[in-house]
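Below is coords.txt, which holds compact mmCIF, C-alpha atoms.
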# COMPACT_ATOMS: atom_id res chain seq x y z
CA MET A 111 1.35 -35.10 26.10
CA ALA A 112 -1.73 -36.34 27.92
CA THR A 113 -4.28 -33.81 29.01
CA GLU A 114 -6.78 -34.17 31.81
CA CYS A 115 -10.47 -34.41 31.05
CA GLU A 116 -13.46 -33.73 33.21
CA PRO A 117 -15.05 -36.86 34.70
CA GLY A 118 -17.06 -38.61 32.04
CA ALA A 119 -15.58 -36.58 29.17
CA SER A 120 -13.96 -38.46 26.31
CA ARG A 121 -10.42 -38.22 25.04
CA PRO A 122 -9.89 -37.67 21.33
CA ASP A 123 -7.68 -40.78 21.04
CA GLU A 124 -10.36 -43.12 22.40
CA LEU A 125 -12.03 -45.58 20.07
CA VAL A 126 -15.78 -45.49 19.68
CA GLU A 127 -17.25 -48.87 20.56
CA LEU A 128 -20.40 -49.95 18.72
CA VAL A 129 -22.48 -53.05 19.35
CA VAL A 130 -25.15 -53.89 16.78
CA ILE A 131 -27.86 -56.02 18.39
CA THR A 132 -29.95 -58.05 16.01
CA GLY A 133 -31.60 -61.44 15.74
CA MET A 134 -34.98 -63.11 15.95
CA SER A 135 -38.02 -61.23 17.19
CA GLY A 136 -38.81 -62.52 20.67
CA ALA A 137 -35.27 -63.76 21.32
CA GLY A 138 -34.42 -61.12 23.93
CA ARG A 139 -33.25 -58.05 22.02
CA SER A 140 -34.98 -55.65 24.42
CA GLU A 141 -33.41 -57.33 27.44
CA ALA A 142 -30.04 -57.16 25.74
CA MET A 143 -30.45 -53.45 25.04
CA HIS A 144 -31.38 -52.78 28.66
CA THR A 145 -28.29 -54.69 29.77
CA PHE A 146 -26.02 -52.55 27.60
CA GLU A 147 -27.79 -49.44 28.86
CA ASP A 148 -27.04 -50.49 32.45
CA LEU A 149 -23.41 -50.97 31.43
CA GLY A 150 -23.19 -47.34 30.34
CA TYR A 151 -23.84 -47.64 26.61
CA PHE A 152 -25.86 -45.05 24.71
CA CYS A 153 -28.65 -47.21 23.29
CA VAL A 154 -31.00 -46.76 20.35
CA ASP A 155 -33.79 -49.22 19.60
CA ASN A 156 -35.13 -50.07 16.12
CA LEU A 157 -32.55 -47.95 14.31
CA PRO A 158 -32.69 -48.06 10.50
CA PRO A 159 -29.25 -49.33 9.38
CA SER A 160 -28.74 -46.31 7.14
CA PHE A 161 -28.56 -44.15 10.29
CA ILE A 162 -25.59 -46.06 11.76
CA PRO A 163 -22.97 -43.84 10.03
CA GLN A 164 -24.65 -40.69 11.36
CA ILE A 165 -24.83 -41.81 14.98
CA THR A 166 -21.26 -43.12 14.98
CA ALA A 167 -20.07 -39.85 13.40
CA LEU A 168 -21.66 -37.97 16.29
CA ALA A 169 -19.90 -40.25 18.75
CA GLU A 170 -16.54 -39.56 17.09
CA LEU A 171 -16.81 -35.78 17.51
CA PRO A 172 -14.29 -34.24 19.94
CA GLY A 173 -15.80 -33.98 23.40
CA SER A 174 -18.57 -36.48 22.70
CA ARG A 175 -19.64 -38.53 25.68
CA MET A 176 -21.13 -41.25 23.48
CA ARG A 177 -18.03 -43.43 23.28
CA ARG A 178 -19.95 -46.69 23.70
CA LEU A 179 -23.02 -47.28 21.56
CA ALA A 180 -25.49 -50.14 21.28
CA VAL A 181 -28.10 -50.09 18.52
CA VAL A 182 -30.88 -52.54 17.79
CA CYS A 183 -31.40 -53.20 14.08
CA ASP A 184 -33.95 -55.85 13.21
CA ILE A 185 -36.68 -56.91 10.86
CA ARG A 186 -39.01 -54.19 12.18
CA ALA A 187 -37.13 -51.80 9.90
CA ALA A 188 -38.77 -53.67 6.98
CA ARG A 189 -37.15 -52.78 3.65
CA PHE A 190 -34.45 -50.75 5.41
CA PHE A 191 -33.12 -53.89 7.08
CA ASP A 192 -31.60 -54.99 3.78
CA GLN A 193 -29.16 -52.08 4.20
CA LEU A 194 -27.61 -53.57 7.36
CA ALA A 195 -25.00 -55.66 5.53
CA GLY A 196 -23.79 -52.62 3.60
CA ALA A 197 -23.71 -50.51 6.75
CA LEU A 198 -21.59 -53.15 8.51
CA ASP A 199 -19.20 -53.25 5.55
CA ALA A 200 -18.77 -49.49 5.75
CA LEU A 201 -17.89 -49.70 9.45
CA HIS A 202 -14.72 -51.65 8.65
CA GLU A 203 -13.30 -48.51 7.02
CA ARG A 204 -13.67 -46.42 10.20
CA ALA A 205 -10.27 -46.48 11.93
CA ALA A 206 -11.61 -44.84 15.10
CA LEU A 207 -14.50 -47.27 15.42
CA GLU A 208 -14.59 -50.74 16.89
CA HIS A 209 -17.78 -52.68 16.24
CA ARG A 210 -19.24 -56.09 17.02
CA VAL A 211 -22.49 -57.76 16.01
CA LEU A 212 -24.56 -59.59 18.63
CA PHE A 213 -27.09 -62.03 17.19
CA LEU A 214 -29.84 -63.46 19.41
CA GLU A 215 -31.77 -66.55 18.40
CA THR A 216 -34.23 -69.01 19.90
CA ASP A 217 -35.80 -72.21 18.66
CA ASP A 218 -39.17 -72.04 16.87
CA ALA A 219 -41.16 -73.68 19.66
CA SER A 220 -39.97 -71.12 22.22
CA LEU A 221 -40.71 -68.23 19.87
CA LEU A 222 -44.23 -69.52 19.24
CA ASN A 223 -44.87 -69.75 22.97
CA ARG A 224 -43.45 -66.28 23.67
CA PHE A 225 -45.61 -64.60 21.04
CA LYS A 226 -48.68 -66.46 22.26
CA GLU A 227 -48.01 -65.53 25.88
CA THR A 228 -47.42 -61.83 25.15
CA ARG A 229 -50.14 -61.70 22.47
CA ARG A 230 -47.90 -59.47 20.40
CA LYS A 231 -47.97 -59.59 16.64
CA HIS A 232 -44.89 -60.77 14.79
CA PRO A 233 -43.41 -57.98 12.61
CA LEU A 234 -43.84 -60.06 9.46
CA CYS A 235 -47.44 -61.10 10.08
CA GLU A 236 -48.59 -58.05 8.10
CA GLU A 237 -47.14 -59.64 4.98
CA GLY A 238 -49.57 -62.53 5.23
CA GLY A 239 -49.33 -66.01 6.70
CA GLY A 240 -49.48 -67.18 10.27
CA LEU A 241 -47.06 -66.92 13.16
CA ALA A 242 -45.08 -70.04 12.27
CA GLU A 243 -44.65 -68.89 8.68
CA SER A 244 -43.51 -65.44 9.86
CA ILE A 245 -40.87 -66.97 12.14
CA THR A 246 -39.59 -69.14 9.29
CA ALA A 247 -39.42 -66.15 6.95
CA GLU A 248 -37.60 -64.01 9.50
CA ARG A 249 -35.04 -66.72 10.20
CA ALA A 250 -34.29 -67.02 6.48
CA ALA A 251 -34.02 -63.23 6.06
CA LEU A 252 -31.60 -62.96 8.97
CA GLU A 253 -29.28 -65.79 7.95
CA PRO A 254 -26.80 -63.55 6.03
CA ILE A 255 -26.44 -61.32 9.11
CA ARG A 256 -26.14 -64.31 11.43
CA GLU A 257 -23.23 -65.61 9.37
CA ARG A 258 -21.24 -62.43 10.02
CA ALA A 259 -22.15 -62.07 13.70
CA ASP A 260 -19.30 -61.85 16.20
CA VAL A 261 -21.34 -63.27 19.08
CA ILE A 262 -24.34 -65.61 18.74
CA ILE A 263 -26.42 -66.32 21.84
CA ASP A 264 -29.17 -68.93 21.83
CA THR A 265 -31.67 -67.79 24.46
CA THR A 266 -33.76 -70.96 24.34
CA GLY A 267 -34.64 -71.78 27.96
CA MET A 268 -32.48 -68.90 29.18
CA ARG A 269 -33.62 -66.65 32.02
CA SER A 270 -33.19 -62.88 31.75
CA SER A 271 -30.49 -62.91 34.43
CA GLU A 272 -28.58 -65.57 32.48
CA LEU A 273 -28.72 -63.48 29.31
CA ARG A 274 -27.44 -60.42 31.18
CA GLN A 275 -24.60 -62.45 32.64
CA ARG A 276 -23.66 -63.89 29.24
CA ILE A 277 -23.57 -60.41 27.68
CA ARG A 278 -21.31 -59.14 30.44
CA GLN A 279 -18.99 -62.09 29.92
CA GLU A 280 -18.78 -61.45 26.18
CA PHE A 281 -18.59 -57.65 26.09
CA VAL A 282 -17.21 -56.38 29.40
CA THR A 283 -13.42 -56.21 29.37
CA GLU A 284 -13.04 -54.48 32.75
CA PRO A 285 -13.31 -56.53 35.97
CA LEU A 286 -16.96 -57.32 36.63
CA ALA A 287 -16.80 -55.49 39.96
CA GLY A 288 -16.45 -52.28 37.95
CA THR A 289 -19.91 -52.81 36.43
CA LEU A 290 -21.64 -52.46 39.81
CA THR A 291 -22.07 -48.96 41.22
CA VAL A 292 -22.44 -48.84 45.00
CA THR A 293 -23.86 -45.97 47.03
CA VAL A 294 -22.94 -46.08 50.71
CA SER A 295 -24.98 -43.71 52.86
CA SER A 296 -25.12 -42.85 56.54
CA PHE A 297 -28.34 -41.90 58.30
CA GLY A 298 -29.92 -41.39 61.69
CA PHE A 299 -32.71 -43.70 62.83
CA LYS A 300 -34.27 -40.80 64.72
CA PHE A 301 -35.00 -39.21 61.33
CA GLY A 302 -36.34 -42.41 59.79
CA PRO A 303 -34.59 -45.19 57.86
CA PRO A 304 -33.97 -44.80 54.11
CA THR A 305 -36.54 -46.34 51.80
CA ASP A 306 -34.28 -47.04 48.82
CA ALA A 307 -31.45 -49.06 50.41
CA ASP A 308 -30.81 -52.68 49.51
CA ILE A 309 -28.79 -53.37 52.65
CA VAL A 310 -29.32 -51.59 55.99
CA MET A 311 -26.87 -51.97 58.87
CA ASP A 312 -27.68 -50.72 62.38
CA VAL A 313 -24.55 -49.69 64.33
CA ARG A 314 -26.27 -48.25 67.40
CA PHE A 315 -24.75 -51.05 69.49
CA LEU A 316 -21.39 -49.25 69.40
CA PRO A 317 -20.51 -46.58 72.01
CA ASN A 318 -21.86 -43.15 71.04
CA PRO A 319 -19.40 -40.22 70.72
CA PHE A 320 -22.33 -37.87 71.34
CA TYR A 321 -21.92 -38.36 75.07
CA ASP A 322 -18.35 -37.06 75.00
CA PRO A 323 -18.71 -33.23 75.21
CA ALA A 324 -15.48 -32.76 73.24
CA LEU A 325 -16.87 -34.80 70.33
CA ARG A 326 -20.54 -33.85 70.38
CA ARG A 327 -20.36 -31.03 67.82
CA LEU A 328 -17.98 -32.92 65.54
CA THR A 329 -18.90 -35.53 62.92
CA GLY A 330 -17.62 -38.88 61.76
CA LEU A 331 -15.53 -37.04 59.17
CA ASP A 332 -13.42 -35.48 61.93
CA GLU A 333 -10.37 -37.43 63.05
CA PRO A 334 -11.18 -37.41 66.81
CA VAL A 335 -14.58 -38.99 66.18
CA ARG A 336 -13.11 -41.38 63.64
CA GLN A 337 -10.54 -42.54 66.19
CA PHE A 338 -13.22 -42.87 68.88
CA VAL A 339 -15.32 -45.13 66.65
CA LEU A 340 -12.76 -47.09 64.65
CA GLY A 341 -10.13 -47.41 67.37
CA ARG A 342 -12.25 -49.62 69.59
CA GLY A 343 -11.87 -53.39 69.79
CA GLU A 344 -15.58 -54.03 69.32
CA THR A 345 -15.57 -51.90 66.16
CA ALA A 346 -12.61 -53.81 64.74
CA GLU A 347 -14.41 -57.09 65.42
CA PHE A 348 -17.59 -55.78 63.77
CA LEU A 349 -15.73 -54.55 60.69
CA ARG A 350 -14.08 -57.93 60.19
CA ALA A 351 -17.49 -59.61 60.15
CA TRP A 352 -19.13 -56.80 58.14
CA PHE A 353 -16.48 -56.80 55.43
CA ALA A 354 -16.60 -60.61 55.25
CA LEU A 355 -20.37 -60.42 54.76
CA LEU A 356 -19.99 -57.86 51.96
CA ASP A 357 -17.26 -59.93 50.30
CA SER A 358 -19.65 -62.88 50.38
CA VAL A 359 -22.80 -61.23 48.99
CA MET A 360 -21.38 -58.79 46.43
CA PRO A 361 -20.45 -61.48 43.86
CA GLY A 362 -24.03 -62.73 44.07
CA TYR A 363 -25.38 -59.30 43.16
CA LEU A 364 -22.98 -59.22 40.22
CA ALA A 365 -24.09 -62.67 39.07
CA GLU A 366 -27.72 -61.53 39.10
CA GLY A 367 -26.84 -58.60 36.85
CA LYS A 368 -27.45 -55.88 39.43
CA THR A 369 -25.90 -52.59 38.35
CA HIS A 370 -26.58 -50.42 41.42
CA LEU A 371 -26.55 -51.33 45.10
CA GLY A 372 -27.51 -49.10 47.99
CA ILE A 373 -25.94 -49.74 51.40
CA ALA A 374 -27.20 -47.66 54.33
CA ILE A 375 -25.50 -47.54 57.74
CA GLY A 376 -27.47 -46.02 60.58
CA CYS A 377 -26.83 -44.80 64.09
CA THR A 378 -29.02 -42.70 66.37
CA GLY A 379 -28.54 -39.27 64.81
CA GLY A 380 -26.57 -40.06 61.66
CA ARG A 381 -23.71 -37.78 62.63
CA HIS A 382 -20.97 -39.82 64.29
CA ARG A 383 -20.80 -43.63 64.20
CA SER A 384 -22.67 -44.16 60.94
CA ILE A 385 -20.54 -41.60 59.09
CA ALA A 386 -17.24 -43.07 60.27
CA LEU A 387 -18.35 -46.58 59.36
CA ALA A 388 -19.83 -45.54 56.01
CA GLU A 389 -16.46 -44.04 55.10
CA ALA A 390 -14.67 -47.22 56.22
CA THR A 391 -17.11 -49.35 54.23
CA SER A 392 -16.67 -47.31 51.07
CA GLY A 393 -12.91 -47.58 51.40
CA HIS A 394 -13.11 -51.37 51.65
CA LEU A 395 -15.38 -51.63 48.61
CA ARG A 396 -13.19 -49.33 46.52
CA HIS A 397 -10.18 -51.46 47.42
CA THR A 398 -12.13 -54.49 46.21
CA GLY A 399 -12.70 -52.82 42.84
CA TYR A 400 -16.25 -51.45 43.04
CA ARG A 401 -17.29 -47.96 41.96
CA VAL A 402 -18.47 -46.29 45.15
CA SER A 403 -20.06 -42.98 46.11
CA VAL A 404 -20.74 -41.87 49.67
CA THR A 405 -23.52 -39.68 51.03
CA HIS A 406 -24.27 -38.58 54.58
CA ARG A 407 -27.97 -37.86 54.74
CA ASP A 408 -28.29 -36.39 58.22
CA ILE A 409 -24.86 -34.87 58.82
CA ALA A 410 -26.22 -31.30 58.90
CA ARG A 411 -29.17 -31.95 61.21
CA ASP A 412 -29.16 -30.65 64.79
CA GLN A 413 -28.39 -33.40 67.28
CA GLU A 414 -30.23 -34.05 70.50
CA ALA A 415 -29.81 -36.92 72.92
CA THR A 416 -32.31 -39.75 72.43

Here is the file; what I need is its structure written in the form of structure tokens.
Amino acid sequence: MATECEPGASRPDELVELVVITGMSGAGRSEAMHTFEDLGYFCVDNLPPSFIPQITALAELPGSRMRRLAVVCDIRAARFFDQLAGALDALHERAALEHRVLFLETDDASLLNRFKETRRKHPLCEEGGGLAESITAERAALEPIRERADVIIDTTGMRSSELRQRIRQEFVTEPLAGTLTVTVSSFGFKFGPPTDADIVMDVRFLPNPFYDPALRRLTGLDEPVRQFVLGRGETAEFLRAWFALLDSVMPGYLAEGKTHLGIAIGCTGGRHRSIALAEATSGHLRHTGYRVSVTHRDIARDQEAT
């Protein structure tokens, strides 16, 4: 019999998902880790391979919220890196664990340019030799791991946004819309516009329920105000255009790898029109498949005519 869990809590029958990120130094491992972090993975950078069993064991504990893990194991671990193959072999015996290896690589010329531009030292430079020799040595040392990788991405000439998109294509099984969290908020311009919104919509052109004495003390969450705002022909026409605009731009935000989008809808006091339309907007986005939360910044403020 299924039992309900609190939001975010894990169920004991869920598999633990582990992604091991490895590959050439300078090929984009940090960007890859940040992408997985944005996708909700618990991420650990520069993890010695011998610690993989411990961190996955923690994730498998009842009630653990770490059901999706991404760890970076690379040549920085020095002598410990040789243990990665054995650690991967041991993972095959874990019935409650699903793991994949992501290997990032880039051609030598690009790696040389990246290290020169960042002026960072290659991890193997301490063992003697120049940058080119260190890159050659690292590529040879990583070849056994590359051969067993599940996904190999060549980042030569690839922009960060392209790498993020490729990772989502390879590792995200849910609809891509589910990877973007949207916050829809209402506000009153008389109290100042929000500073953290990506999209701001001004709806003060619509008739104001404030001037109806029966509606003045209500809010956009109350049905009479909702009907006053949404039941008008001009509002219906606006919503058709507004929803069409959102349907047009949201896929672009997804393609760029954006993981959070703030949409703010403002009226004069942030109590009537903006609230009703923020609720309508959130409903449309949820129906489209996005994860949406709604806040009403100024709903509790005293209202005065402006």

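Here the question is which of A:Thr378, A:Asn156, A:Thr145, A:Thr391 gets nearest to Leu349 of chain A using all atoms listed in the file, and that residue is A:Thr391.
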
Place a sphere of radius 6 Å on (-22.3, -49.3, 69.5) in the file coordinates and name every protein, DNA or RNA residue with an atom inside or on its surface, counting only C-alpha atoms; give the answer as an mmCIF file with C-alpha atoms, in the coordinates of the input.
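point_0.cif was written with the following content:
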data_model
loop_
_atom_site.group_PDB
_atom_site.id
_atom_site.type_symbol
_atom_site.label_atom_id
_atom_site.label_comp_id
_atom_site.auth_asym_id
_atom_site.auth_seq_id
_atom_site.Cartn_x
_atom_site.Cartn_y
_atom_site.Cartn_z
ATOM 1 C CA VAL A 313 -24.550 -49.690 64.330
ATOM 2 C CA ARG A 314 -26.270 -48.250 67.400
ATOM 3 C CA PHE A 315 -24.750 -51.050 69.490
ATOM 4 C CA LEU A 316 -21.390 -49.250 69.400
ATOM 5 C CA PRO A 317 -20.510 -46.580 72.010
#

d(atom CA of Phe191 of chain A, atom CA of Phe213 of chain A) in Å =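 The value is 14.3 Å.
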
message = Residues near segment 214-223 of chain A, anyone? I mean within 9 Å using all atoms listed in the file, not counting same-chain ones fewer than 6 positions away, as a count of residues only.
response = 23

query = Can you tell me how far atom CA of Thr398 of chain A sits from atom CA of Arg350 of chain A, in Å to one decimal?
reply = 14.5 Å
